[in-house]
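Student: After the structure tokens below, expect a handful of questions from me.
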Amino acid sequence: MIETKKNLKLYKDGMLEAIGGVGHFFTTRLGGVSGASGNLFNASFSREKEEESFKVRENVSIAARAEDLPKDRFTSVKQIHGDRVLKVTEEIAGARFGKPELVIEADAMITDIPMTPLFTTHGDCVPVFVYAKGRAVGMVHSGWRGCALGIAGKTVETMVREYGVSPRDIFCAIGPHICKKCFEIDEPVYLQLKEAYPDEALYTYNPVKNKYYADLGGIVMQSLEKAGVPRDNISLGGVCTCCEVNRDLFFSHRGEKGQNEGLMGAAIWLR
């Protein structure tokens, strides 16, 4: 569902909203200070010239004010399309925002520190919000490489190991990402994904174009289930960032052929 707060449009998952004790959001392309128009919400430092990185900080400040969050507690990483899960301690909290000099490579974060938003950025890649009820949160950036590596499931396993929670008490929301119909891939990528997740239902093949199509959301769901999260605890919103109908709402690397002026941001925090 899309919620408007102080002129900022945010996507939120109904399941997580209903549980309580956790906050989260996924930004749209609207409501910030970026882009040629000056009103886009770009969440990624990689999409701004170095001298204009302040625009990302201002965009995050806008989101922080909308959600009554401390902007300097936002914690982010340099995403590398791998499977490293970073445990955010007090020393790390605020990386790239309150502690701009602290840049750590990873694609997922977990923490049990309240009011410390974990923040990832997304063009078409899958955002996964992870909540161990009342105990800890995790935020995952999963592109196709992360899907093949099972980063979503590894994040759950890391939370179980680090915080002593049960996977049956973990709730996961899969946010907006490129859908199966839009995610066209060549055979080498298909073979990597198929080796890790062989379920035929996750893929289709177009013999005319000699192209494959993969369901990244479905792969993430299977990764989470393999890690022990009950299917009933997983919410799959089914919103595509690439479909033409959503082009005015989200940036899309595929849909805009790499010319997108920004990336969306995903955040989760313990209340």
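Residues are named by chain letter and number: chains run A, B, ... in the order of the structure tokens, numbers start at 1 in each chain, and ligands are numbered from 1 in the order shown.
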DSSP on the backbone, strand (DSSP E or B) only: what residues of segment 42-217 of chain A does that give? Format it as a PyMOL selection string.
Tutor: chain A and resi 75-76+78+85-87+95+99+105+108-111+118-122+126-132+136-142+170-174+177+184-185+203-206+211-214
Student: If you take only C-alpha atoms and a cut-off of 6 Å, which residues of segment 90-178 of chain A touch segment 242-256 of chain A, and what are their nearest atom pairs and distances in Å to one decimal, in chain and number order, as a tab-separated table?
Tutor:
```
residue	atom	partner	partner_atom	distance
A:Gly123	CA	A:Ser252	CA	5.1
A:Asp124	CA	A:Ser252	CA	5.6
A:Ile178	CA	A:Cys242	CA	5.4
```
Student: Next, the residues of the selection above should be written as a PDB file, in the first residue's frame with C-alpha atoms.
Tutor:
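Saved result, again-v6.pdb, follows:
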```
ATOM      1  CA  GLY A 123      16.533  -0.043  -8.662  1.00  0.00           C
ATOM      2  CA  ASP A 124      14.798  -3.311  -9.522  1.00  0.00           C
ATOM      3  CA  ILE A 178      11.118  -6.315 -10.933  1.00  0.00           C
TER       4      ILE A 178
END
```
Student: Find the residues near Arg271 of chain A: any atom within 6 Å, counting only C-alpha atoms, skip ones fewer than 4 places away on the same chain, and give them as JSON, numbers by chain.
Tutor: {"A": [21, 22, 114, 115]}
Student: How would the residues just picked look written out with N, CA and C atoms as an mmCIF file, in the first residue's frame?
Tutor:
```cif
data_model
loop_
_atom_site.group_PDB
_atom_site.id
_atom_site.type_symbol
_atom_site.label_atom_id
_atom_site.label_comp_id
_atom_site.auth_asym_id
_atom_site.auth_seq_id
_atom_site.Cartn_x
_atom_site.Cartn_y
_atom_site.Cartn_z
ATOM 1 N N GLY A 21 5.473 -2.959 16.731
ATOM 2 C CA GLY A 21 6.801 -3.082 17.304
ATOM 3 C C GLY A 21 7.919 -2.847 16.310
ATOM 4 N N VAL A 22 7.562 -2.627 15.066
ATOM 5 C CA VAL A 22 8.541 -2.444 13.992
ATOM 6 C C VAL A 22 8.043 -1.359 13.049
ATOM 7 N N PRO A 114 17.184 -0.548 19.086
ATOM 8 C CA PRO A 114 15.981 0.211 18.691
ATOM 9 C C PRO A 114 16.317 1.536 18.018
ATOM 10 N N MET A 115 15.380 1.999 17.195
ATOM 11 C CA MET A 115 15.449 3.309 16.538
ATOM 12 C C MET A 115 16.738 3.500 15.751
#
```
Student: I'd like the interatomic distance between atom CA of Ile80 of chain A and atom CA of Ala106 of chain A, to a tenth of an Å.
Tutor: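 Separation of atom CA of Ile80 of chain A and atom CA of Ala106 of chain A: 6.4 Å.
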Student: To one decimal place in Å, what is the distance between atom CA of Leu224 of chain A and atom CA of Val156 of chain A?
Tutor: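 Atom-to-atom, atom CA of Leu224 of chain A to atom CA of Val156 of chain A, that is 7.2 Å.
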Student: Could you check the closest approach to Gly228 of chain A for each of A:Lys154, A:Lys181, A:Lys71, A:Arg57 and tell me which residue wins, using only C-alpha atoms?
Tutor: A:Lys154
Student: Under the rule that only C-alpha atoms are counted, which of A:Pro198, A:Gly265, A:Gly153, A:Gly175 is the nearest residue to Pro127 of chain A?
Tutor: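 Once distances to Pro127 of chain A are computed over only C-alpha atoms, the minimum belongs to A:Gly175.
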Student: Go through A:Thr4, A:Ser223, A:Ser37, A:Ser166 one by one, measure the shortest atom-to-atom distance of each to Leu193 of chain A using only C-alpha atoms, and give the residue with the smallest value.
Tutor: A:Ser223
